[in-house]
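Okay, data-v6.csv is below, CSV, C-alpha atoms:
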```csv
chain,number,residue,atom,x,y,z
A,1,MET,CA,21.6,70.3,-5.1
A,2,THR,CA,18.8,68.1,-4.1
A,3,ARG,CA,19.1,66.0,-7.3
A,4,ASP,CA,22.6,65.0,-6.3
A,5,VAL,CA,21.4,64.0,-2.9
A,6,PHE,CA,18.7,61.7,-4.2
A,7,GLU,CA,21.1,60.2,-6.7
A,8,ALA,CA,23.7,59.6,-4.0
A,9,LEU,CA,21.2,58.0,-1.7
A,10,ALA,CA,19.7,55.8,-4.4
A,11,ASP,CA,22.6,53.3,-3.7
A,12,PRO,CA,22.0,51.0,-0.7
A,13,THR,CA,25.7,50.8,0.2
A,14,ARG,CA,25.9,54.6,0.3
A,15,ARG,CA,22.8,54.8,2.4
A,16,GLU,CA,24.5,52.3,4.7
A,17,VAL,CA,27.6,54.5,4.8
A,18,VAL,CA,25.5,57.6,5.7
A,19,ARG,CA,23.6,55.7,8.4
A,20,ARG,CA,26.9,54.4,9.9
A,21,LEU,CA,28.4,57.9,10.0
A,22,ALA,CA,25.3,59.4,11.4
A,23,GLU,CA,24.9,56.8,14.1
A,24,GLY,CA,28.6,56.0,14.9
A,25,GLY,CA,30.3,59.3,14.3
A,26,PRO,CA,33.3,60.1,12.2
A,27,ALA,CA,35.2,57.3,10.5
A,28,THR,CA,37.9,56.7,7.9
A,29,ALA,CA,37.4,54.8,4.6
A,30,THR,CA,39.4,51.9,6.1
A,31,GLU,CA,37.3,51.8,9.3
A,32,LEU,CA,34.1,51.8,7.2
A,33,ALA,CA,35.4,49.0,5.0
A,34,GLY,CA,36.0,47.0,8.2
A,35,GLU,CA,32.4,47.4,9.2
A,36,LEU,CA,30.7,47.0,5.9
A,37,PRO,CA,30.8,44.1,3.4
A,38,VAL,CA,32.7,46.2,0.7
A,39,THR,CA,36.4,46.9,0.0
A,40,ARG,CA,38.2,50.0,1.0
A,41,GLN,CA,38.4,51.1,-2.6
A,42,ALA,CA,34.6,50.7,-3.0
A,43,VAL,CA,34.0,52.7,0.2
A,44,ALA,CA,36.4,55.5,-1.1
A,45,LYS,CA,34.4,55.7,-4.3
A,46,HIS,CA,31.1,55.9,-2.4
A,47,LEU,CA,32.5,58.5,-0.1
A,48,ALA,CA,33.5,60.6,-3.1
A,49,VAL,CA,30.0,60.5,-4.5
A,50,LEU,CA,28.5,61.4,-1.1
A,51,ASP,CA,31.1,64.2,-0.8
A,52,ARG,CA,30.1,65.7,-4.2
A,53,ALA,CA,26.4,65.6,-3.1
A,54,GLY,CA,27.4,67.4,0.0
A,55,LEU,CA,26.2,64.6,2.3
A,56,VAL,CA,29.5,64.0,3.9
A,57,GLU,CA,32.7,65.9,4.4
A,58,GLY,CA,36.2,64.7,5.0
A,59,ARG,CA,38.7,66.3,7.5
A,60,ARG,CA,42.4,65.4,6.9
A,61,ASN,CA,44.3,64.5,10.0
A,62,GLY,CA,47.8,63.6,9.1
A,63,ARG,CA,47.6,60.6,6.7
A,64,GLU,CA,44.0,59.9,7.6
A,65,VAL,CA,40.7,61.4,6.3
A,66,HIS,CA,37.9,61.3,8.8
A,67,TYR,CA,34.4,61.5,7.3
A,68,THR,CA,31.3,63.0,9.0
A,69,VAL,CA,27.7,63.5,7.7
A,70,ARG,CA,26.3,66.9,6.9
A,71,PRO,CA,22.8,66.6,8.3
A,72,GLU,CA,21.6,69.9,6.7
A,73,ARG,CA,21.7,68.2,3.3
A,74,LEU,CA,19.7,65.2,4.5
A,75,ASP,CA,17.2,67.7,6.1
A,76,GLU,CA,16.9,69.5,2.8
A,77,ALA,CA,16.1,66.2,0.9
A,78,VAL,CA,13.5,65.3,3.6
A,79,ARG,CA,11.9,68.8,3.2
A,80,VAL,CA,11.6,68.3,-0.6
A,81,MET,CA,10.0,64.9,-0.2
A,82,ALA,CA,7.6,66.3,2.4
A,83,GLY,CA,6.6,69.1,0.1
A,84,VAL,CA,5.9,66.8,-2.8
A,85,THR,CA,3.9,64.5,-0.5
A,86,ALA,CA,1.8,67.4,0.8
A,87,GLN,CA,1.1,68.5,-2.8
A,88,TRP,CA,-0.1,65.1,-3.9
A,89,GLU,CA,-2.3,64.7,-0.8
A,90,ARG,CA,-3.9,68.0,-1.6
A,91,ARG,CA,-4.5,67.0,-5.3
A,92,LEU,CA,-5.9,63.6,-4.3
A,93,ARG,CA,-8.3,65.3,-1.9
A,94,VAL,CA,-9.5,67.6,-4.8
A,95,ILE,CA,-9.9,64.7,-7.2
A,96,LYS,CA,-11.9,62.8,-4.5
A,97,VAL,CA,-14.3,65.7,-3.9
A,98,ARG,CA,-14.6,66.3,-7.7
A,99,LEU,CA,-15.4,62.7,-8.7
A,100,GLU,CA,-17.8,62.2,-5.8
A,101,ALA,CA,-19.7,65.4,-6.8
A,102,ILE,CA,-19.9,64.2,-10.4
A,103,LYS,CA,-21.3,60.9,-9.2
A,104,ARG,CA,-23.9,62.5,-6.9
A,105,ALA,CA,-25.0,64.8,-9.8
A,106,ALA,CA,-25.4,61.8,-12.1
A,107,GLU,CA,-27.4,59.9,-9.5
A,108,ALA,CA,-29.6,62.9,-8.9
A,109,ALA,CA,-30.2,63.2,-12.6
A,110,HIS,CA,-31.0,59.5,-12.8
A,111,ARG,CA,-33.5,59.7,-9.9
A,112,GLU,CA,-35.2,62.7,-11.6
A,113,SER,CA,-35.6,60.8,-14.9
A,114,GLN,CA,-37.1,57.9,-12.9
A,115,ALA,CA,-39.6,60.2,-11.2
A,116,ASP,CA,-40.8,61.7,-14.5
B,1,VAL,CA,12.5,48.2,-1.0
B,2,ILE,CA,12.8,51.8,0.0
B,3,GLU,CA,12.6,54.2,-3.0
B,4,VAL,CA,14.7,57.2,-2.1
B,5,GLY,CA,13.4,60.2,-4.0
B,6,ALA,CA,10.0,58.7,-4.6
B,7,VAL,CA,6.6,59.7,-3.1
B,8,ARG,CA,3.8,57.2,-3.1
B,9,ARG,CA,0.2,58.0,-2.2
B,10,SER,CA,-3.0,56.1,-2.5
B,11,VAL,CA,-6.6,57.0,-2.2
B,12,VAL,CA,-9.9,55.1,-2.6
B,13,LEU,CA,-12.4,57.1,-4.7
B,14,ARG,CA,-16.1,56.3,-4.7
B,15,ALA,CA,-16.2,56.3,-8.5
B,16,PRO,CA,-15.8,53.6,-11.2
B,17,VAL,CA,-12.4,53.2,-12.9
B,18,GLU,CA,-13.9,54.7,-16.1
B,19,ALA,CA,-14.6,58.0,-14.2
B,20,VAL,CA,-11.2,58.0,-12.6
B,21,TRP,CA,-9.5,57.3,-15.9
B,22,ALA,CA,-11.4,60.2,-17.5
B,23,ALA,CA,-10.2,62.5,-14.7
B,24,LEU,CA,-6.6,61.5,-15.5
B,25,THR,CA,-6.7,61.7,-19.2
B,26,ASP,CA,-8.9,64.7,-20.0
B,27,GLY,CA,-7.3,68.1,-20.1
B,28,GLY,CA,-10.4,69.8,-18.5
B,29,HIS,CA,-10.6,67.3,-15.6
B,30,LEU,CA,-6.8,67.5,-15.1
B,31,SER,CA,-6.9,71.3,-15.0
B,32,ALA,CA,-9.5,71.1,-12.2
B,33,TRP,CA,-7.6,68.9,-9.8
B,34,LEU,CA,-3.9,68.7,-10.8
B,35,GLY,CA,-3.5,72.5,-10.9
B,36,GLY,CA,-2.7,74.8,-13.7
B,37,ASP,CA,-4.0,74.7,-17.3
B,38,VAL,CA,-3.4,71.2,-18.6
B,39,GLU,CA,-3.4,70.0,-22.2
B,40,VAL,CA,-2.8,66.3,-22.8
B,41,ASP,CA,-2.7,63.9,-25.8
B,42,ALA,CA,-3.8,60.7,-24.1
B,43,PHE,CA,-1.9,58.1,-26.1
B,44,PRO,CA,1.5,56.5,-25.7
B,45,GLY,CA,4.1,59.0,-26.8
B,46,GLY,CA,1.6,61.8,-26.4
B,47,GLN,CA,2.5,65.1,-24.8
B,48,ILE,CA,1.2,66.7,-21.6
B,49,VAL,CA,1.7,70.4,-21.1
B,50,VAL,CA,1.0,72.1,-17.8
B,51,ARG,CA,0.9,75.9,-17.5
B,52,GLU,CA,0.9,77.3,-14.0
B,53,ASP,CA,1.8,80.7,-12.6
B,54,GLY,CA,3.7,81.6,-15.8
B,55,ARG,CA,5.6,78.3,-15.7
B,56,LEU,CA,5.5,75.7,-18.3
B,57,ARG,CA,6.0,72.0,-17.6
B,58,ARG,CA,6.1,69.5,-20.5
B,59,GLY,CA,6.0,65.7,-20.3
B,60,VAL,CA,5.6,62.7,-22.4
B,61,ILE,CA,3.3,59.8,-21.8
B,62,VAL,CA,5.7,56.8,-21.7
B,63,ASP,CA,3.1,54.2,-20.8
B,64,LEU,CA,-0.7,54.1,-21.1
B,65,GLU,CA,-2.9,51.1,-20.4
B,66,PRO,CA,-6.5,52.3,-20.5
B,67,LEU,CA,-8.3,52.1,-17.2
B,68,ARG,CA,-5.2,50.7,-15.4
B,69,HIS,CA,-2.0,52.6,-15.8
B,70,LEU,CA,-0.6,55.9,-16.9
B,71,GLU,CA,3.0,57.1,-16.7
B,72,ILE,CA,4.3,60.5,-17.5
B,73,ARG,CA,8.0,61.5,-17.8
B,74,TRP,CA,8.6,65.2,-17.3
B,75,LEU,CA,11.0,66.7,-19.7
B,76,PRO,CA,13.8,69.0,-18.5
B,77,PRO,CA,12.7,72.6,-18.4
B,78,SER,CA,13.7,74.9,-21.2
B,79,ARG,CA,15.6,78.1,-20.2
B,80,ARG,CA,13.7,80.0,-17.5
B,81,LEU,CA,10.7,77.8,-17.9
B,82,GLY,CA,9.4,75.9,-14.9
B,83,PHE,CA,10.9,73.3,-12.7
B,84,LEU,CA,9.7,70.3,-10.8
B,85,TRP,CA,12.0,69.4,-8.0
B,86,GLY,CA,13.7,72.7,-7.1
B,87,PRO,CA,15.0,75.9,-8.5
B,88,ASP,CA,18.5,74.6,-8.7
B,89,GLU,CA,17.5,71.7,-11.0
B,90,GLU,CA,19.9,71.1,-13.9
B,91,SER,CA,18.8,70.2,-17.3
B,92,ALA,CA,19.3,66.5,-18.0
B,93,GLY,CA,17.5,63.7,-19.7
B,94,SER,CA,14.5,63.8,-17.5
B,95,ALA,CA,13.0,66.0,-14.8
B,96,GLY,CA,11.3,63.1,-12.9
B,97,ALA,CA,8.3,61.0,-13.6
B,98,VAL,CA,4.8,60.5,-12.3
B,99,GLU,CA,2.9,57.2,-12.4
B,100,PHE,CA,-0.9,56.5,-11.8
B,101,VAL,CA,-2.2,53.0,-11.1
B,102,LEU,CA,-6.0,52.3,-11.0
B,103,GLU,CA,-7.6,49.3,-9.4
B,104,ALA,CA,-11.3,48.5,-9.1
B,105,VAL,CA,-12.3,47.8,-5.5
B,106,ARG,CA,-15.6,47.0,-3.7
B,107,GLY,CA,-17.0,45.3,-6.8
B,108,GLN,CA,-16.4,48.1,-9.4
B,109,ALA,CA,-18.2,50.8,-7.2
B,110,ALA,CA,-14.9,52.3,-6.2
B,111,THR,CA,-11.3,52.8,-7.4
B,112,ARG,CA,-8.0,52.8,-5.6
B,113,LEU,CA,-5.8,55.4,-7.3
B,114,THR,CA,-2.1,55.2,-6.5
B,115,VAL,CA,0.3,57.9,-7.5
B,116,VAL,CA,4.0,57.6,-7.5
B,117,GLU,CA,6.2,60.6,-8.2
B,118,ARG,CA,9.9,60.0,-8.7
B,119,ALA,CA,12.7,62.5,-8.4
B,120,PRO,CA,14.9,63.0,-11.4
B,121,SER,CA,17.7,60.8,-10.0
B,122,ALA,CA,15.5,57.9,-9.1
B,123,THR,CA,14.1,57.9,-12.6
B,124,GLY,CA,17.4,57.2,-14.3
B,125,GLN,CA,17.9,57.8,-18.0
B,126,PRO,CA,14.6,57.7,-19.7
B,127,SER,CA,15.2,55.1,-22.4
B,128,ALA,CA,11.5,55.2,-23.3
B,129,LEU,CA,11.7,58.8,-24.4
B,130,ALA,CA,11.9,58.0,-28.1
B,131,VAL,CA,8.6,59.5,-29.0
B,132,PRO,CA,6.8,57.5,-31.8
B,133,SER,CA,5.7,59.6,-34.7
B,134,ARG,CA,2.0,60.3,-34.9
```

This entry written out as C-alpha coordinates:
Amino acid sequence: MTRDVFEALADPTRREVVRRLAEGGPATATELAGELPVTRQAVAKHLAVLDRAGLVEGRRNGREVHYTVRPERLDEAVRVMAGVTAQWERRLRVIKVRLEAIKRAAEAAHRESQAD
Amino acid sequence: VIEVGAVRRSVVLRAPVEAVWAALTDGGHLSAWLGGDVEVDAFPGGQIVVREDGRLRRGVIVDLEPLRHLEIRWLPPSRRLGFLWGPDEESAGSAGAVEFVLEAVRGQAATRLTVVERAPSATGQPSALAVPSR
(Lines of atoms letter the chains of each structure in order from A and count residues from 1; the text may use other names and numbers.)
(Lines give C-alpha, C1' and ligand atoms only; values in the text may rest on other atoms or scores of the structure.)
Protein backbone atom coordinates (compact mmCIF):
# COMPACT_ATOMS: atom_id res chain seq x y z
CA MET A 1 0.00 0.00 0.00
CA THR A 2 1.17 3.48 -0.87
CA ARG A 3 0.48 4.70 2.66
CA ASP A 4 3.04 2.28 4.12
CA VAL A 5 5.54 3.39 1.50
CA PHE A 6 5.26 7.05 2.51
CA GLU A 7 5.38 6.17 6.18
CA ALA A 8 8.49 4.04 5.66
CA LEU A 9 10.21 6.78 3.67
CA ALA A 10 9.35 9.51 6.17
CA ASP A 11 12.41 8.46 8.21
CA PRO A 12 15.77 9.82 6.98
CA THR A 13 17.74 6.71 8.02
CA ARG A 14 15.35 4.49 6.09
CA ARG A 15 15.66 6.75 3.06
CA GLU A 16 19.43 6.38 3.39
CA VAL A 17 19.11 2.57 3.60
CA VAL A 18 16.95 2.52 0.45
CA ARG A 19 19.35 4.84 -1.38
CA ARG A 20 22.35 2.68 -0.35
CA LEU A 21 20.64 -0.54 -1.50
CA ALA A 22 19.48 1.05 -4.76
CA GLU A 23 22.92 2.41 -5.60
CA GLY A 24 25.22 -0.18 -4.06
CA GLY A 25 23.28 -3.38 -4.62
CA PRO A 26 22.31 -6.11 -2.11
CA ALA A 27 23.67 -5.90 1.44
CA THR A 28 23.18 -7.50 4.84
CA ALA A 29 22.12 -5.59 7.98
CA THR A 30 25.70 -5.92 9.26
CA GLU A 31 27.15 -4.45 6.08
CA LEU A 32 24.67 -1.56 6.14
CA ALA A 33 25.48 -0.84 9.80
CA GLY A 34 29.16 -0.63 8.81
CA GLU A 35 28.37 2.04 6.22
CA LEU A 36 25.74 4.06 8.07
CA PRO A 37 25.99 5.84 11.44
CA VAL A 38 23.57 3.45 13.16
CA THR A 39 23.82 0.14 15.02
CA ARG A 40 23.11 -3.22 13.43
CA GLN A 41 20.00 -3.57 15.65
CA ALA A 42 18.67 -0.21 14.42
CA VAL A 43 19.34 -1.17 10.80
CA ALA A 44 17.49 -4.47 11.35
CA LYS A 45 14.45 -2.58 12.68
CA HIS A 46 14.48 -0.17 9.73
CA LEU A 47 14.79 -3.07 7.29
CA ALA A 48 11.76 -4.71 8.92
CA VAL A 49 9.68 -1.54 8.37
CA LEU A 50 10.90 -1.26 4.77
CA ASP A 51 10.14 -4.95 4.23
CA ARG A 52 6.56 -4.53 5.54
CA ALA A 53 6.08 -1.57 3.19
CA GLY A 54 7.30 -3.76 0.33
CA LEU A 55 10.25 -1.47 -0.40
CA VAL A 56 12.94 -4.09 0.23
CA GLU A 57 13.06 -7.86 0.29
CA GLY A 58 15.46 -10.16 2.06
CA ARG A 59 16.94 -13.38 0.61
CA ARG A 60 18.38 -15.83 3.08
CA ASN A 61 21.74 -17.27 2.12
CA GLY A 62 22.94 -19.60 4.86
CA ARG A 63 23.13 -17.53 8.03
CA GLU A 64 22.99 -14.22 6.18
CA VAL A 65 20.04 -12.25 4.80
CA HIS A 66 20.83 -10.10 1.78
CA TYR A 67 18.47 -7.19 1.21
CA THR A 68 17.58 -5.66 -2.16
CA VAL A 69 15.21 -2.81 -3.11
CA ARG A 70 11.93 -3.43 -4.89
CA PRO A 71 11.86 -0.53 -7.36
CA GLU A 72 8.24 -1.15 -8.39
CA ARG A 73 7.08 0.10 -4.98
CA LEU A 74 9.14 3.26 -5.26
CA ASP A 75 7.76 3.80 -8.77
CA GLU A 76 4.24 3.46 -7.41
CA ALA A 77 4.88 6.14 -4.75
CA VAL A 78 6.36 8.45 -7.38
CA ARG A 79 3.29 7.92 -9.61
CA VAL A 80 0.93 8.81 -6.75
CA MET A 81 2.91 11.99 -6.03
CA ALA A 82 2.92 12.93 -9.73
CA GLY A 83 -0.85 12.45 -9.91
CA VAL A 84 -1.49 14.67 -6.89
CA THR A 85 0.89 17.31 -8.27
CA ALA A 86 -0.87 17.35 -11.65
CA GLN A 87 -4.24 17.67 -9.93
CA TRP A 88 -3.13 20.73 -7.94
CA GLU A 89 -1.55 22.32 -11.01
CA ARG A 90 -4.86 21.95 -12.81
CA ARG A 91 -6.81 23.43 -9.89
CA LEU A 92 -4.41 26.36 -9.51
CA ARG A 93 -4.77 27.13 -13.23
CA VAL A 94 -8.55 27.18 -12.79
CA ILE A 95 -8.44 29.45 -9.71
CA LYS A 96 -6.09 31.83 -11.56
CA VAL A 97 -8.40 32.11 -14.58
CA ARG A 98 -11.42 32.51 -12.32
CA LEU A 99 -10.00 35.22 -10.06
CA GLU A 100 -8.58 37.19 -12.97
CA ALA A 101 -11.94 37.04 -14.77
CA ILE A 102 -13.70 38.32 -11.63
CA LYS A 103 -11.16 41.15 -11.39
CA ARG A 104 -11.59 42.13 -15.06
CA ALA A 105 -15.38 42.15 -14.65
CA ALA A 106 -15.09 44.39 -11.57
CA GLU A 107 -12.75 46.77 -13.41
CA ALA A 108 -15.09 46.93 -16.41
CA ALA A 109 -18.05 47.68 -14.12
CA HIS A 110 -15.99 50.40 -12.42
CA ARG A 111 -15.08 51.99 -15.80
CA GLU A 112 -18.74 51.96 -16.86
CA SER A 113 -19.82 53.64 -13.65
CA GLN A 114 -17.10 56.28 -14.21
CA ALA A 115 -18.32 56.86 -17.78
CA ASP A 116 -21.90 57.45 -16.68
CA VAL B 1 14.22 19.22 4.30
CA ILE B 2 12.54 16.87 1.85
CA GLU B 3 8.95 16.13 2.70
CA VAL B 4 8.24 12.64 1.45
CA GLY B 5 4.56 12.27 0.71
CA ALA B 6 3.98 16.01 0.44
CA VAL B 7 3.18 18.00 -2.68
CA ARG B 8 3.87 21.75 -2.65
CA ARG B 9 2.76 24.10 -5.41
CA SER B 10 2.74 27.88 -5.59
CA VAL B 11 1.06 30.35 -7.94
CA VAL B 12 0.93 34.16 -8.14
CA LEU B 13 -2.62 35.37 -8.73
CA ARG B 14 -3.39 38.88 -9.99
CA ALA B 15 -5.96 39.42 -7.25
CA PRO B 16 -5.81 40.87 -3.73
CA VAL B 17 -5.61 38.49 -0.74
CA GLU B 18 -9.25 39.25 0.12
CA ALA B 19 -10.41 37.84 -3.24
CA VAL B 20 -8.16 34.76 -2.92
CA TRP B 21 -9.34 34.17 0.63
CA ALA B 22 -12.97 34.29 -0.56
CA ALA B 23 -12.12 31.72 -3.25
CA LEU B 24 -10.77 29.40 -0.53
CA THR B 25 -13.50 29.81 2.08
CA ASP B 26 -16.72 30.15 0.09
CA GLY B 27 -18.48 26.95 -0.95
CA GLY B 28 -19.60 28.38 -4.29
CA HIS B 29 -16.09 29.52 -5.21
CA LEU B 30 -14.56 26.23 -4.03
CA SER B 31 -17.05 24.18 -6.06
CA ALA B 32 -15.94 26.12 -9.16
CA TRP B 33 -12.20 25.48 -8.90
CA LEU B 34 -11.50 22.66 -6.43
CA GLY B 35 -13.85 20.28 -8.19
CA GLY B 36 -17.03 18.66 -6.96
CA ASP B 37 -19.76 20.20 -4.86
CA VAL B 38 -18.20 21.84 -1.80
CA GLU B 39 -19.80 22.92 1.45
CA VAL B 40 -17.61 24.58 4.05
CA ASP B 41 -18.03 26.10 7.52
CA ALA B 42 -15.13 28.53 7.41
CA PHE B 43 -14.13 28.72 11.05
CA PRO B 44 -11.62 26.72 13.15
CA GLY B 45 -13.13 23.30 13.80
CA GLY B 46 -15.61 23.79 10.96
CA GLN B 47 -16.35 21.02 8.49
CA ILE B 48 -15.72 20.80 4.79
CA VAL B 49 -17.64 18.32 2.67
CA VAL B 50 -16.74 17.58 -0.94
CA ARG B 51 -19.10 15.51 -3.12
CA GLU B 52 -17.66 14.40 -6.41
CA ASP B 53 -18.60 11.56 -8.76
CA GLY B 54 -20.70 9.91 -6.07
CA ARG B 55 -17.83 10.06 -3.59
CA LEU B 56 -17.89 11.97 -0.35
CA ARG B 57 -14.83 13.47 1.26
CA ARG B 58 -15.08 15.07 4.67
CA GLY B 59 -12.54 17.26 6.41
CA VAL B 60 -12.11 19.52 9.40
CA ILE B 61 -10.57 23.00 9.40
CA VAL B 62 -7.76 22.59 11.90
CA ASP B 63 -6.28 26.05 11.41
CA LEU B 64 -7.72 29.28 10.06
CA GLU B 65 -6.05 32.66 10.13
CA PRO B 66 -8.11 35.04 7.96
CA LEU B 67 -6.40 36.22 4.75
CA ARG B 68 -3.25 34.22 5.60
CA HIS B 69 -3.60 30.54 6.38
CA LEU B 70 -6.07 27.68 6.05
CA GLU B 71 -5.43 24.04 6.92
CA ILE B 72 -7.82 21.17 6.36
CA ARG B 73 -7.38 17.66 7.72
CA TRP B 74 -9.24 15.06 5.70
CA LEU B 75 -11.10 12.51 7.75
CA PRO B 76 -10.81 8.82 6.98
CA PRO B 77 -13.47 7.69 4.54
CA SER B 78 -16.56 5.93 5.79
CA ARG B 79 -17.29 2.56 4.28
CA ARG B 80 -17.38 2.70 0.47
CA LEU B 81 -17.27 6.48 0.56
CA GLY B 82 -14.45 8.24 -1.22
CA PHE B 83 -10.71 8.12 -0.85
CA LEU B 84 -7.89 10.54 -1.20
CA TRP B 85 -4.61 8.78 -1.73
CA GLY B 86 -5.60 5.51 -3.34
CA PRO B 87 -8.26 2.84 -3.41
CA ASP B 88 -6.32 0.68 -0.96
CA GLU B 89 -6.27 3.32 1.74
CA GLU B 90 -7.00 2.01 5.23
CA SER B 91 -9.14 3.89 7.69
CA ALA B 92 -7.03 5.58 10.33
CA GLY B 93 -6.88 8.82 12.25
CA SER B 94 -6.49 10.95 9.17
CA ALA B 95 -6.61 10.71 5.40
CA GLY B 96 -4.07 13.44 4.75
CA ALA B 97 -4.15 17.19 4.97
CA VAL B 98 -4.09 20.23 2.75
CA GLU B 99 -2.72 23.62 3.68
CA PHE B 100 -3.10 27.00 1.93
CA VAL B 101 -0.78 29.95 2.58
CA LEU B 102 -1.53 33.42 1.19
CA GLU B 103 1.01 36.25 0.85
CA ALA B 104 0.40 39.69 -0.63
CA VAL B 105 2.93 40.51 -3.36
CA ARG B 106 3.57 43.50 -5.68
CA GLY B 107 2.11 45.90 -3.14
CA GLN B 108 -1.26 44.20 -2.51
CA ALA B 109 -2.16 43.92 -6.21
CA ALA B 110 -1.35 40.21 -6.34
CA THR B 111 -1.27 37.21 -4.05
CA ARG B 112 1.06 34.27 -3.87
CA LEU B 113 -1.00 31.17 -3.05
CA THR B 114 0.93 28.12 -1.87
CA VAL B 115 -0.76 24.77 -1.43
CA VAL B 116 0.76 21.84 0.43
CA GLU B 117 -0.97 18.48 0.33
CA ARG B 118 0.34 15.84 2.71
CA ALA B 119 -0.14 12.11 2.42
CA PRO B 120 -1.70 10.34 5.40
CA SER B 121 1.59 9.04 6.73
CA ALA B 122 3.38 12.38 6.53
CA THR B 123 0.53 13.95 8.47
CA GLY B 124 0.95 11.82 11.56
CA GLN B 125 -1.69 11.52 14.19
CA PRO B 126 -3.97 14.54 14.01
CA SER B 127 -3.91 15.78 17.59
CA ALA B 128 -5.81 18.91 16.55
CA LEU B 129 -8.82 16.86 15.53
CA ALA B 130 -10.68 17.53 18.77
CA VAL B 131 -13.44 19.59 17.20
CA PRO B 132 -14.61 22.47 19.41
CA SER B 133 -18.33 22.63 20.02
CA ARG B 134 -20.16 25.36 18.11

(message) Between CA of Val11 in chain B and CA of Arg91 in chain A, what distance in Å does the model show, to one decimal?
(response) 10.7 Å

(request) Would you list the residues near (4.6, 66.8, -3.1) (no more than 12 Å away, in the coordinates of the file, using all atoms listed in the file) as a VMD selection string? (result) (chain A and resid 78 to 92) or (chain B and resid 5 to 9 34 84 to 86 98 115 to 119)

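In this comparison, which uses all atoms listed in the file, the residue of A:Lys96, A:Arg19, A:His110, A:Arg60 approaching Leu36 in chain A most closely is A:Arg19.
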
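Straight-line separation from CA of Leu99 in chain A to CA of Glu52 in chain B: 22.5 Å.
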
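If we count only C-alpha atoms, these residues of chain A sit within 6 Å of chain B: A:Phe6, A:Glu7, A:Ala10, A:Arg91, A:Val94, A:Ile95, A:Lys96.
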
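CA of Ala22 in chain A lies 19.1 Å from CA of Glu64 in chain A.
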
(message) What's around Asp41 in chain B at 10 Å? Count all atoms listed in the file, leave out sequence neighbours fewer than 4 positions away in its own chain, and write the answer as a PyMOL selection string.
(response) chain B and resi 25-27+45-49+60-61

Spatial neighbours of Gly25 in chain A, max dist 12 Å, only C-alpha atoms, sep filter under 2 positions, as a PDB file with C-alpha atoms, keeping the file's coordinate frame:
```pdb
ATOM      1  CA  VAL A  17      27.600  54.500   4.800  1.00  0.00           C
ATOM      2  CA  VAL A  18      25.500  57.600   5.700  1.00  0.00           C
ATOM      3  CA  ARG A  19      23.600  55.700   8.400  1.00  0.00           C
ATOM      4  CA  ARG A  20      26.900  54.400   9.900  1.00  0.00           C
ATOM      5  CA  LEU A  21      28.400  57.900  10.000  1.00  0.00           C
ATOM      6  CA  ALA A  22      25.300  59.400  11.400  1.00  0.00           C
ATOM      7  CA  GLU A  23      24.900  56.800  14.100  1.00  0.00           C
ATOM      8  CA  ALA A  27      35.200  57.300  10.500  1.00  0.00           C
ATOM      9  CA  THR A  28      37.900  56.700   7.900  1.00  0.00           C
ATOM     10  CA  GLU A  31      37.300  51.800   9.300  1.00  0.00           C
ATOM     11  CA  LEU A  32      34.100  51.800   7.200  1.00  0.00           C
ATOM     12  CA  VAL A  56      29.500  64.000   3.900  1.00  0.00           C
ATOM     13  CA  HIS A  66      37.900  61.300   8.800  1.00  0.00           C
ATOM     14  CA  TYR A  67      34.400  61.500   7.300  1.00  0.00           C
ATOM     15  CA  THR A  68      31.300  63.000   9.000  1.00  0.00           C
ATOM     16  CA  VAL A  69      27.700  63.500   7.700  1.00  0.00           C
ATOM     17  CA  ARG A  70      26.300  66.900   6.900  1.00  0.00           C
TER      18      ARG A  70
END
```

(message) Considering all atoms listed in the file, can you say which of A:Arg63, A:Arg98, A:Arg14, A:Arg93 comes closest to Ala48 in chain A?
(response) A:Arg14

(message) With only C-alpha atoms as the counted atoms, please give the residues lying no more than 7 Å from Gly36 in chain B, apart from itself and same-chain residues fewer than 4 positions off, as number ranges by chain.
(response) B: 31, 50-52
